[in-house]
$ cat coords.cif   # mmCIF, C-alpha atoms
data_model
loop_
_atom_site.label_atom_id
_atom_site.label_comp_id
_atom_site.auth_asym_id
_atom_site.auth_seq_id
_atom_site.Cartn_x
_atom_site.Cartn_y
_atom_site.Cartn_z
CA MET A 1 60.40 74.68 127.90
CA LYS A 2 62.30 72.45 130.31
CA ILE A 3 60.88 71.81 133.79
CA LEU A 4 62.76 70.37 136.78
CA ILE A 5 60.69 68.48 139.38
CA VAL A 6 62.35 68.21 142.79
CA ASP A 7 60.73 65.97 145.42
CA ASP A 8 61.99 63.20 147.71
CA ASN A 9 58.66 61.37 147.46
CA PRO A 10 58.48 59.26 144.23
CA THR A 11 54.68 59.27 144.31
CA ASN A 12 54.53 63.06 144.20
CA VAL A 13 56.95 63.04 141.28
CA ILE A 14 54.78 60.56 139.36
CA ILE A 15 51.64 62.64 139.98
CA ILE A 16 53.27 65.83 138.70
CA ARG A 17 54.77 64.05 135.70
CA GLU A 18 51.39 62.65 134.67
CA ILE A 19 49.73 66.03 135.00
CA LEU A 20 52.41 67.58 132.79
CA LYS A 21 52.17 64.82 130.20
CA LYS A 22 48.42 65.25 129.85
CA GLU A 23 49.01 68.95 129.23
CA ASP A 24 51.65 68.15 126.54
CA TYR A 25 54.63 69.19 128.68
CA ARG A 26 57.12 66.39 128.02
CA ASN A 27 60.46 68.10 128.44
CA PHE A 28 61.11 67.62 132.14
CA ILE A 29 63.67 66.03 134.44
CA THR A 30 63.52 65.01 138.09
CA ALA A 31 65.68 65.19 141.19
CA SER A 32 65.07 63.40 144.48
CA SER A 33 66.76 65.99 146.71
CA ALA A 34 67.81 69.61 146.84
CA LYS A 35 71.46 68.57 146.52
CA ASP A 36 70.68 66.62 143.34
CA MET A 37 68.89 69.68 142.01
CA LEU A 38 71.94 71.87 142.66
CA LYS A 39 74.16 69.35 140.85
CA LEU A 40 71.86 69.47 137.83
CA LEU A 41 72.15 73.25 137.92
CA GLY A 42 75.93 73.01 138.01
CA VAL A 43 76.34 74.07 141.64
CA VAL A 44 78.96 71.77 143.14
CA SER A 45 79.19 71.90 146.92
CA GLY A 46 82.67 72.61 148.28
CA ALA A 47 84.17 73.75 144.98
CA GLU A 48 86.68 76.57 145.50
CA GLU A 49 85.66 78.40 142.34
CA ASN A 50 82.04 77.43 141.92
CA GLN A 51 80.77 79.11 138.74
CA PRO A 52 77.66 77.25 137.56
CA LYS A 53 77.13 76.94 133.83
CA GLN A 54 74.24 78.56 132.02
CA SER A 55 71.23 76.37 132.72
CA ASP A 56 68.67 75.24 130.12
CA ILE A 57 66.00 74.77 132.83
CA ASP A 58 63.05 77.15 132.52
CA LEU A 59 61.06 76.28 135.65
CA ILE A 60 61.60 74.43 138.94
CA LEU A 61 58.82 72.71 140.91
CA LEU A 62 60.45 72.43 144.32
CA ASP A 63 59.15 70.51 147.32
CA MET A 64 59.40 72.64 150.44
CA MET A 65 59.95 69.89 153.02
CA MET A 66 62.91 67.59 152.25
CA PRO A 67 65.63 65.98 154.41
CA GLU A 68 69.17 67.46 154.66
CA MET A 69 68.29 70.66 152.76
CA ASP A 70 64.73 71.93 152.54
CA GLY A 71 63.27 73.82 149.61
CA ILE A 72 63.61 77.24 151.19
CA GLU A 73 67.33 76.83 151.81
CA ALA A 74 67.82 75.42 148.31
CA CYS A 75 65.98 78.40 146.88
CA ARG A 76 68.32 80.79 148.71
CA VAL A 77 71.33 78.97 147.24
CA VAL A 78 69.97 79.29 143.70
CA GLN A 79 69.39 83.04 144.19
CA GLN A 80 73.11 83.54 144.91
CA TYR A 81 74.03 82.87 141.28
CA GLU A 82 73.40 85.42 138.56
CA HIS A 83 72.90 82.75 135.87
CA LEU A 84 70.30 80.88 137.94
CA LYS A 85 68.37 83.52 139.87
CA ASP A 86 65.95 84.21 137.01
CA ILE A 87 64.70 80.62 136.87
CA PRO A 88 61.18 80.75 138.35
CA ILE A 89 60.70 78.44 141.34
CA ILE A 90 57.25 77.24 142.37
CA MET A 91 57.15 75.73 145.85
CA VAL A 92 55.10 72.55 146.29
CA THR A 93 54.07 72.19 149.91
CA ALA A 94 51.69 70.47 152.30
CA VAL A 95 52.41 73.17 154.89
CA GLY A 96 49.64 75.69 155.40
CA ASP A 97 51.73 77.93 157.66
CA SER A 98 51.51 81.43 156.18
CA LYS A 99 54.85 82.39 157.78
CA LYS A 100 56.58 79.50 156.03
CA LEU A 101 54.99 80.41 152.72
CA ALA A 102 56.05 84.01 153.17
CA GLU A 103 59.58 82.82 153.98
CA ALA A 104 59.62 80.77 150.76
CA LEU A 105 58.57 83.80 148.71
CA ASP A 106 61.18 85.95 150.43
CA ALA A 107 63.80 83.31 149.60
CA GLY A 108 63.11 83.79 145.88
CA ALA A 109 60.17 81.53 145.01
CA VAL A 110 57.74 83.16 142.60
CA ASP A 111 54.67 81.14 143.60
CA TYR A 112 53.47 78.03 145.45
CA VAL A 113 50.93 75.21 145.17
CA THR A 114 49.63 73.12 148.02
CA LYS A 115 49.23 69.37 148.36
CA PRO A 116 47.17 67.50 147.44
CA ILE A 117 47.92 69.01 144.04
CA ASN A 118 45.05 70.48 142.11
CA LYS A 119 45.71 69.98 138.40
CA VAL A 120 43.97 73.18 137.25
CA GLU A 121 45.74 75.29 139.87
CA LEU A 122 49.14 73.74 139.14
CA MET A 123 48.90 74.30 135.37
CA ALA A 124 47.65 77.87 135.79
CA ARG A 125 50.63 78.72 137.98
CA ILE A 126 53.07 76.95 135.64
CA ARG A 127 51.74 78.82 132.60
CA LEU A 128 51.98 82.13 134.42
CA ALA A 129 55.55 81.45 135.59
CA LEU A 130 56.67 80.35 132.13
CA ARG A 131 55.09 83.39 130.51
CA LEU A 132 56.91 85.68 132.93
CA LYS A 133 60.14 83.77 132.25
CA ARG A 134 59.76 84.25 128.49
CA GLU A 135 59.14 87.97 128.95
CA LYS A 136 62.13 88.31 131.28
CA ASP A 137 64.37 86.41 128.84
CA TRP A 138 63.21 88.68 126.01
CA HIS A 139 64.06 91.78 128.03
CA LYS A 140 67.46 90.37 128.96
CA GLU A 141 68.28 89.58 125.33
CA ARG A 142 67.15 93.04 124.24
CA ASP A 143 69.18 94.72 127.00
CA GLN A 144 72.23 92.69 126.00
CA ARG A 145 71.83 93.76 122.37
CA ILE A 146 71.57 97.38 123.47
CA GLN A 147 74.70 97.03 125.61
CA ASP A 148 76.60 95.45 122.72
CA GLU A 149 75.51 98.25 120.40
CA LEU A 150 76.50 100.89 122.97
CA LYS A 151 79.96 99.36 123.28
CA LEU A 152 80.35 99.40 119.50
CA ALA A 153 79.13 103.00 119.37
CA ALA A 154 81.63 103.92 122.10
CA LEU A 155 84.46 102.43 119.99
CA VAL A 156 83.29 104.48 117.00
CA GLN A 157 83.06 107.62 119.13
CA ASN A 158 86.52 107.04 120.56
CA ALA A 159 87.93 106.54 117.06
CA VAL A 160 87.11 110.14 116.06
CA LEU A 161 89.21 111.59 118.89
CA SER A 162 92.59 112.95 117.85
CA LEU A 163 95.70 110.93 118.60
CA PRO A 164 98.63 112.49 120.50
CA LEU A 165 100.72 114.83 118.36
CA THR A 166 104.39 115.65 118.89
CA ASP A 167 106.25 118.22 116.81
CA GLU A 168 109.39 120.22 117.39
CA ALA A 169 107.71 123.17 119.12
CA PHE A 170 104.31 121.72 119.92
CA GLU A 171 103.00 118.64 121.70
CA VAL A 172 99.43 117.71 122.67
CA HIS A 173 97.93 114.83 124.65
CA ALA A 174 94.60 114.06 126.30
CA ILE A 175 93.00 111.85 128.93
CA TYR A 176 89.32 111.02 128.79
CA GLN A 177 86.95 109.16 131.11
CA PRO A 178 83.30 109.03 130.04
CA SER A 179 80.75 108.65 132.82
CA PHE A 180 78.63 106.46 130.53
CA GLU A 181 79.34 104.15 127.59
CA LEU A 182 78.79 107.17 125.38
CA ALA A 183 79.82 110.66 126.33
CA GLY A 184 79.33 114.33 125.54
CA ASP A 185 82.93 115.58 125.48
CA LEU A 186 84.92 115.93 122.27
CA TYR A 187 88.48 117.09 121.57
CA ALA A 188 90.43 117.48 118.34
CA TRP A 189 93.51 119.18 116.95
CA TYR A 190 94.76 119.90 113.45
CA PRO A 191 98.13 121.08 112.08
CA LEU A 192 97.49 124.17 109.95
CA GLY A 193 100.97 124.52 108.47
CA ASP A 194 103.74 127.06 109.08
CA GLY A 195 103.95 126.12 112.76
CA ARG A 196 100.26 126.77 113.44
CA TYR A 197 97.91 124.35 115.21
CA ALA A 198 94.18 124.41 115.94
CA VAL A 199 92.93 122.79 119.15
CA ILE A 200 89.34 122.48 120.34
CA LEU A 201 87.69 120.98 123.41
CA LEU A 202 83.92 121.00 123.77
CA ASP A 203 81.44 119.73 126.32
CA MET A 204 77.88 118.96 125.26
CA MET A 205 75.11 119.65 127.74
CA GLY A 206 74.43 116.47 129.72
CA HIS A 207 75.94 113.11 128.94
CA GLY A 208 74.77 109.82 127.54
CA ILE A 209 73.26 108.77 124.22
CA SER A 210 71.63 112.06 123.16
CA SER A 211 74.72 114.14 123.96
CA SER A 212 77.00 111.66 122.21
CA LEU A 213 74.89 111.81 119.03
CA PHE A 214 75.21 115.59 118.94
CA CYS A 215 78.95 115.17 119.52
CA MET A 216 79.22 112.77 116.58
CA PHE A 217 77.48 115.32 114.37
CA LEU A 218 79.99 117.97 115.42
CA ALA A 219 82.87 115.55 114.85
CA SER A 220 81.63 115.03 111.28
CA VAL A 221 81.77 118.77 110.46
CA LEU A 222 84.68 119.82 112.67
CA LYS A 223 87.67 119.22 110.40
CA ASP A 224 86.03 120.91 107.42
CA THR A 225 85.00 123.85 109.60
CA VAL A 226 88.44 124.34 111.17
CA THR A 227 90.45 123.98 107.97
CA THR A 228 88.07 126.26 106.04
CA TYR A 229 87.60 129.07 108.57
CA VAL A 230 90.67 128.61 110.84
CA GLU A 231 90.28 131.78 112.91
CA PRO A 232 88.65 131.28 116.35
CA GLU A 233 85.78 133.75 115.87
CA LYS A 234 84.79 132.35 112.47
CA VAL A 235 85.08 128.69 113.54
CA ILE A 236 82.84 129.12 116.58
CA GLN A 237 80.30 131.11 114.57
CA GLU A 238 80.20 128.41 111.90
CA LEU A 239 79.77 125.66 114.51
CA ASN A 240 76.93 127.70 116.01
CA ARG A 241 75.30 128.00 112.57
CA ARG A 242 75.63 124.29 111.81
CA PHE A 243 74.43 123.23 115.23
CA ASN A 244 71.34 125.37 114.92
CA GLN A 245 70.56 123.70 111.60
CA LEU A 246 69.75 120.53 113.54
CA TYR A 247 66.00 120.96 113.70
CA ILE A 248 64.31 118.52 116.08
CA GLU A 249 60.53 118.64 116.08
CA LYS A 250 58.91 119.04 119.50
CA GLN A 251 62.33 119.28 121.15
CA LEU A 252 61.75 119.54 124.90
CA VAL A 253 65.36 120.26 125.85
CA GLN A 254 67.52 123.08 124.52
CA TYR A 255 70.83 121.44 123.64
CA TYR A 256 74.02 123.47 123.56
CA PHE A 257 77.70 123.02 124.23
CA THR A 258 80.56 124.95 125.77
CA ALA A 259 83.83 125.05 123.86
CA ILE A 260 87.32 126.48 123.91
CA TYR A 261 89.06 126.79 120.57
CA LEU A 262 92.66 127.95 120.10
CA VAL A 263 94.94 128.68 117.19
CA ILE A 264 98.53 128.42 118.37
CA ASP A 265 101.30 129.96 116.24
CA THR A 266 104.58 128.48 117.48
CA ARG A 267 106.67 130.75 115.21
CA MET A 268 105.04 134.00 116.26
CA LYS A 269 104.56 132.59 119.80
CA ARG A 270 100.97 133.71 119.84
CA ILE A 271 97.73 132.11 121.04
CA ASP A 272 94.39 133.29 119.63
CA TYR A 273 91.33 131.82 121.27
CA VAL A 274 87.61 131.89 121.92
CA ASN A 275 86.14 130.50 125.12
CA ALA A 276 82.41 129.93 124.66
CA GLY A 277 81.12 129.44 128.20
CA HIS A 278 83.78 126.81 128.94
CA PRO A 279 85.87 126.49 132.12
CA PRO A 280 89.00 128.66 131.82
CA ALA A 281 92.07 127.10 130.27
CA LEU A 282 95.30 127.44 132.26
CA PHE A 283 98.50 128.72 130.65
CA PHE A 284 101.74 128.23 132.58
CA GLU A 285 104.81 129.99 131.16
CA GLY A 286 108.41 129.53 132.24
CA GLU A 287 108.86 129.00 135.97
CA ALA A 288 105.57 130.65 136.93
CA LYS A 289 103.35 128.60 139.24
CA THR A 290 100.37 130.91 138.75
CA PRO A 291 98.76 130.54 135.34
CA VAL A 292 97.14 132.98 132.98
CA LEU A 293 93.42 132.14 132.73
CA LEU A 294 91.86 131.91 129.29
CA GLU A 295 88.38 132.76 130.50
CA SER A 296 85.00 132.72 128.79
CA ASN A 297 84.40 135.61 126.40
CA CYS A 298 81.03 134.62 124.89
CA HIS A 299 77.99 132.48 125.63
CA PRO A 300 77.84 128.71 124.88
CA VAL A 301 77.32 127.50 121.33
CA GLY A 302 73.80 126.63 120.14
CA LEU A 303 71.78 128.80 122.51
CA PHE A 304 70.98 131.48 119.95
CA ASP A 305 70.94 131.85 116.17
CA ARG A 306 73.77 134.39 116.31
CA ILE A 307 76.77 134.46 118.57
CA ASP A 308 78.76 137.66 119.24
CA ILE A 309 82.42 136.97 119.90
CA GLN A 310 85.39 139.04 120.95
CA PRO A 311 88.40 136.80 120.23
CA GLN A 312 91.32 137.11 122.62
CA SER A 313 95.06 136.77 122.11
CA LEU A 314 98.15 136.36 124.21
CA ASN A 315 101.84 136.08 123.46
CA TYR A 316 104.47 133.97 125.14
CA VAL A 317 108.26 134.08 125.23
CA GLU A 318 109.39 131.09 127.25
CA GLU A 319 108.43 127.44 127.11
CA GLY A 320 105.13 126.63 128.76
CA HIS A 321 102.06 124.47 128.78
CA LEU A 322 98.32 124.95 128.32
CA VAL A 323 95.72 122.81 130.03
CA LEU A 324 92.13 122.60 128.79
CA PHE A 325 89.53 120.62 130.74
CA THR A 326 85.79 120.03 131.08
CA ASP A 327 83.73 120.79 134.17
CA GLY A 328 83.68 117.10 135.17
CA LEU A 329 87.16 117.67 136.59
CA LEU A 330 86.18 120.85 138.43
CA GLU A 331 83.26 119.02 140.03
CA MET A 332 85.66 116.65 141.76
CA VAL A 333 86.03 119.44 144.32
CA GLN A 334 83.08 120.86 146.18
CA GLY A 335 82.91 124.59 146.60
CA GLU A 336 83.14 127.70 144.45
CA GLN A 337 85.00 127.87 141.15
CA GLU A 338 87.91 129.64 142.83
CA GLU A 339 88.49 126.65 145.11
CA GLN A 340 88.07 124.25 142.21
CA LEU A 341 90.64 126.12 140.13
CA GLU A 342 93.10 126.13 143.05
CA PHE A 343 92.80 122.33 143.12
CA MET A 344 93.44 122.13 139.37
CA ILE A 345 96.39 124.54 139.46
CA GLY A 346 98.00 122.64 142.34
CA HIS A 347 98.09 119.47 140.24
CA LEU A 348 99.07 121.08 136.94
CA ASN A 349 101.89 123.54 137.69
CA ALA A 350 104.75 121.10 138.33
CA GLY A 351 106.34 121.19 134.86
CA HIS A 352 105.71 121.62 131.17
CA ASP A 353 106.22 118.00 130.11
CA TRP A 354 103.29 115.62 129.78
CA GLN A 355 103.20 113.03 132.59
CA GLU A 356 100.24 110.83 131.86
CA GLU A 357 100.36 108.56 134.90
CA VAL A 358 100.62 111.51 137.27
CA ILE A 359 97.63 113.21 135.64
CA ARG A 360 95.54 110.03 135.58
CA THR A 361 96.25 109.39 139.25
CA ALA A 362 95.25 112.95 140.17
CA PHE A 363 92.07 113.25 138.13
CA LEU A 364 90.71 109.85 137.13
CA ASN A 365 90.55 108.28 140.57
CA GLU A 366 87.35 106.22 140.59
CA SER A 367 86.88 106.67 144.34
CA VAL A 368 86.66 110.46 144.18
CA ASN A 369 83.18 111.89 144.67
CA GLN A 370 81.27 109.28 142.69
CA GLU A 371 77.89 110.86 143.38
CA ARG A 372 78.83 113.86 141.18
CA ASP A 373 80.24 111.81 138.35
CA ASP A 374 80.41 113.44 134.92
CA ASP A 375 82.49 113.03 131.77
CA LYS A 376 86.09 113.93 132.57
CA CYS A 377 88.44 115.23 129.91
CA LEU A 378 91.79 117.04 129.99
CA VAL A 379 93.94 118.26 127.10
CA TRP A 380 97.60 119.10 127.72
CA ILE A 381 99.56 121.25 125.27
CA SER A 382 103.33 121.64 125.68
CA LEU A 383 104.87 124.68 123.97
CA LYS A 384 108.57 124.19 123.38
CA LYS A 385 111.35 126.38 122.04
CA GLY A 386 111.86 124.44 118.84
CA THR A 387 114.12 125.94 116.21
CA ASP A 388 113.84 129.66 115.57
CA LYS A 389 113.04 130.44 111.94
CA GLU A 390 112.86 133.78 110.23
#

$ encode --input "coords.cif" --output "structure tokens"
Amino acid sequence: MKILIVDDNPTNVIIIREILKKEDYRNFITASSAKDMLKLLGVVSGAEENQPKQSDIDLILLDMMMPEMDGIEACRVVQQYEHLKDIPIIMVTAVGDSKKLAEALDAGAVDYVTKPINKVELMARIRLALRLKREKDWHKERDQRIQDELKLAALVQNAVLSLPLTDEAFEVHAIYQPSFELAGDLYAWYPLGDGRYAVILLDMMGHGISSSLFCMFLASVLKDTVTTYVEPEKVIQELNRRFNQLYIEKQLVQYYFTAIYLVIDTRMKRIDYVNAGHPPALFFEGEAKTPVLLESNCHPVGLFDRIDIQPQSLNYVEEGHLVLFTDGLLEMVQGEQEEQLEFMIGHLNAGHDWQEEVIRTAFLNESVNQERDDDKCLVWISLKKGTDKE
């Protein structure tokens, strides 16, 4: 533990040094003024870009009354820097004014001792301050490890998301903005052969670590489920079965997810889908500015052991585009769902081609309604003419 003694009176410095030595504290340095202290901490006065280095000092014993810059002002300067503000500062003062002592504590000092210095009192306050510093450092290191692990987990979670896909008659893209390092939205698509494609977008209840873990479980079983069962009704039922197999003892929260799953046949120009409690997808065909809504036709997945589904279908003739999205985008607009959908339609009916920058500008604006922030995800599917085949 390294201690910095700051006092303009050499006698006071000698007294404190001797007390520390007798208590086996030998790692200390001294400064004769507040400005010298700031230099030792890496704070250079007048520097245009003053970014102090990480300090190895664990405690500062700071005289309150000094010429040029007193201890209270120096304490305020130290508190301005993120790397320095956690260093405990004990004020050493001959002033008995309670207002001044209160001002010192408000400025960032953690404690004070009065002159003449009482050895027992000084050491008790030093030990307490150092113990609190060790505990704070431990919490900071632990929090940093957690943050690093969350960032790594976010990279892993992002890696399971499908990449953009462009074929002759089918194209799919997505934008995604988690509200937390880890998120509860998941999208995927799979070519099924013969011009058929499966697309799914799901939204786990809540967001954060617990929701992301459930999402990762679903990601692990999704490809096998889709390629084995294919048809919308069977896929959603199988996901419901697998999700309900996750038994969590003493589970206080009922987890579930909404989902929309489509099988698109570009040769037959047919869309089969199930919407399990999810916001309606929007299908724009030809020159139409008003979309067909692919609305919910069953309850969310995971609520009950069995899920009754009535799959829906629609056919298309002209080129068009489908837009799937999670409720984080709807919540950008206050009001009823009708008003929210009008907002979405107004930004999505301009054309069938994917325009990523336009979509990002419209929906991922950080300044929009931050207090209602949620995971935001949008999947865009372009249906093109392609080459007709018998």

$ resolve_selection --input "coords.cif" --expression "the PyMOL selection byres ((chain A and resi 263) around 7)" --output "ChimeraX atom specification"
/A:196-199,232,262,264-265,271-273

$ residues_around --input "coords.cif" --residues "Pro178 of chain A" --least-positions-apart "6" --cutoff "10 Å" --atoms "all atoms listed in the file" --output "mmCIF file with C-alpha atoms, keeping the file's coordinate frame"
data_model
loop_
_atom_site.group_PDB
_atom_site.id
_atom_site.type_symbol
_atom_site.label_atom_id
_atom_site.label_comp_id
_atom_site.auth_asym_id
_atom_site.auth_seq_id
_atom_site.Cartn_x
_atom_site.Cartn_y
_atom_site.Cartn_z
ATOM 1 C CA ALA A 154 81.630 103.920 122.100
ATOM 2 C CA GLY A 184 79.330 114.330 125.540
ATOM 3 C CA ASP A 185 82.930 115.580 125.480
ATOM 4 C CA HIS A 207 75.940 113.110 128.940
ATOM 5 C CA GLY A 208 74.770 109.820 127.540
ATOM 6 C CA GLY A 328 83.680 117.100 135.170
ATOM 7 C CA ASP A 373 80.240 111.810 138.350
ATOM 8 C CA ASP A 374 80.410 113.440 134.920
ATOM 9 C CA ASP A 375 82.490 113.030 131.770
ATOM 10 C CA LYS A 376 86.090 113.930 132.570
ATOM 11 C CA CYS A 377 88.440 115.230 129.910
#

$ resolve_selection --input "coords.cif" --expression "the PyMOL selection byres ((chain A and resi 317) around 9)" --output "list in words"
Lys269, Glu285, Gly286, Asn315, Tyr316, Glu318, Glu319, Gly320 and Lys385 of chain A

$ write_last_selection --input "coords.cif" --atoms "C-alpha atoms" --output "PDB file, in the coordinates of the input"
ATOM      1  CA  LYS A 269     104.560 132.590 119.800  1.00  0.00           C
ATOM      2  CA  GLU A 285     104.810 129.990 131.160  1.00  0.00           C
ATOM      3  CA  GLY A 286     108.410 129.530 132.240  1.00  0.00           C
ATOM      4  CA  ASN A 315     101.840 136.080 123.460  1.00  0.00           C
ATOM      5  CA  TYR A 316     104.470 133.970 125.140  1.00  0.00           C
ATOM      6  CA  GLU A 318     109.390 131.090 127.250  1.00  0.00           C
ATOM      7  CA  GLU A 319     108.430 127.440 127.110  1.00  0.00           C
ATOM      8  CA  GLY A 320     105.130 126.630 128.760  1.00  0.00           C
ATOM      9  CA  LYS A 385     111.350 126.380 122.040  1.00  0.00           C
TER      10      LYS A 385
END

$ closest_residue --input "coords.cif" --among "A:Val13, A:Leu182, A:Cys75, A:Ile60" --to "Arg125 of chain A" --atoms "only C-alpha atoms"
A:Ile60

$ resolve_selection --input "coords.cif" --expression "the PyMOL selection byres ((chain A and resi 74) around 9)" --output "PyMOL selection string"
chain A and resi 34-35+37-38+62+69-73+75-79+107

$ closest_residue --input "coords.cif" --among "A:Glu18, A:Ser212, A:Ile175, A:Lys115" --to "Val156 of chain A" --atoms "all atoms listed in the file"
A:Ser212

$ atom_distance --input "coords.cif" --atom1 "atom CA of Asp137 of chain A" --atom2 "atom CA of Leu150 of chain A"
19.8 Å

$ closest_residue --input "coords.cif" --among "A:Val333, A:Ala188, A:Val274, A:Leu348" --to "Leu314 of chain A" --atoms "all atoms listed in the file"
A:Val274

$ residues_around --input "coords.cif" --residues "Glu342 of chain A" --least-positions-apart "2" --cutoff "12 Å" --atoms "all atoms listed in the file" --output "number ranges by chain"
A: 282, 289-291, 293, 330, 333-340, 344-349

$ atom_distance --input "coords.cif" --atom1 "atom CA of Ala276 of chain A" --atom2 "atom CA of Gln355 of chain A"
27.9 Å

$ atom_distance --input "coords.cif" --atom1 "atom CA of Met216 of chain A" --atom2 "atom CA of Gln157 of chain A"
6.9 Å

$ residues_around --input "coords.cif" --residues "Lys53 of chain A" --least-positions-apart "3" --cutoff "9 Å" --atoms "only C-alpha atoms" --output "number ranges by chain"
A: 41-43, 83-84

$ axis_aligned_box --input "coords.cif" --around "segment 15-18 of chain A" --padding-each-side "8 Å" --output "JSON"
{"center_x": 53.1, "center_y": 64.2, "center_z": 137.3, "size_x": 19.4, "size_y": 19.2, "size_z": 21.3}

$ closest_residue --input "coords.cif" --among "A:Gln237, A:Asn275, A:Ser211, A:Thr227" --to "Tyr255 of chain A" --atoms "all atoms listed in the file"
A:Ser211

$ residues_around --input "coords.cif" --residues "Ser220 of chain A" --least-positions-apart "3" --cutoff "12 Å" --atoms "all atoms listed in the file" --output "PyMOL selection string"
chain A and resi 157+160-161+186+188+213-217+223-226+239+242-243

$ residues_around --input "coords.cif" --residues "Ala124 of chain A" --least-positions-apart "6" --cutoff "12 Å" --atoms "all atoms listed in the file" --output "ChimeraX atom specification"
/A:20,23,90,111-113,118,130-131

$ closest_residue --input "coords.cif" --among "A:Asp203, A:Glu68, A:Asp106, A:Glu168" --to "Pro300 of chain A" --atoms "only C-alpha atoms"
A:Asp203

$ closest_residue --input "coords.cif" --among "A:Leu163, A:Ile89, A:Met204, A:Thr11" --to "Ala129 of chain A" --atoms "all atoms listed in the file"
A:Ile89
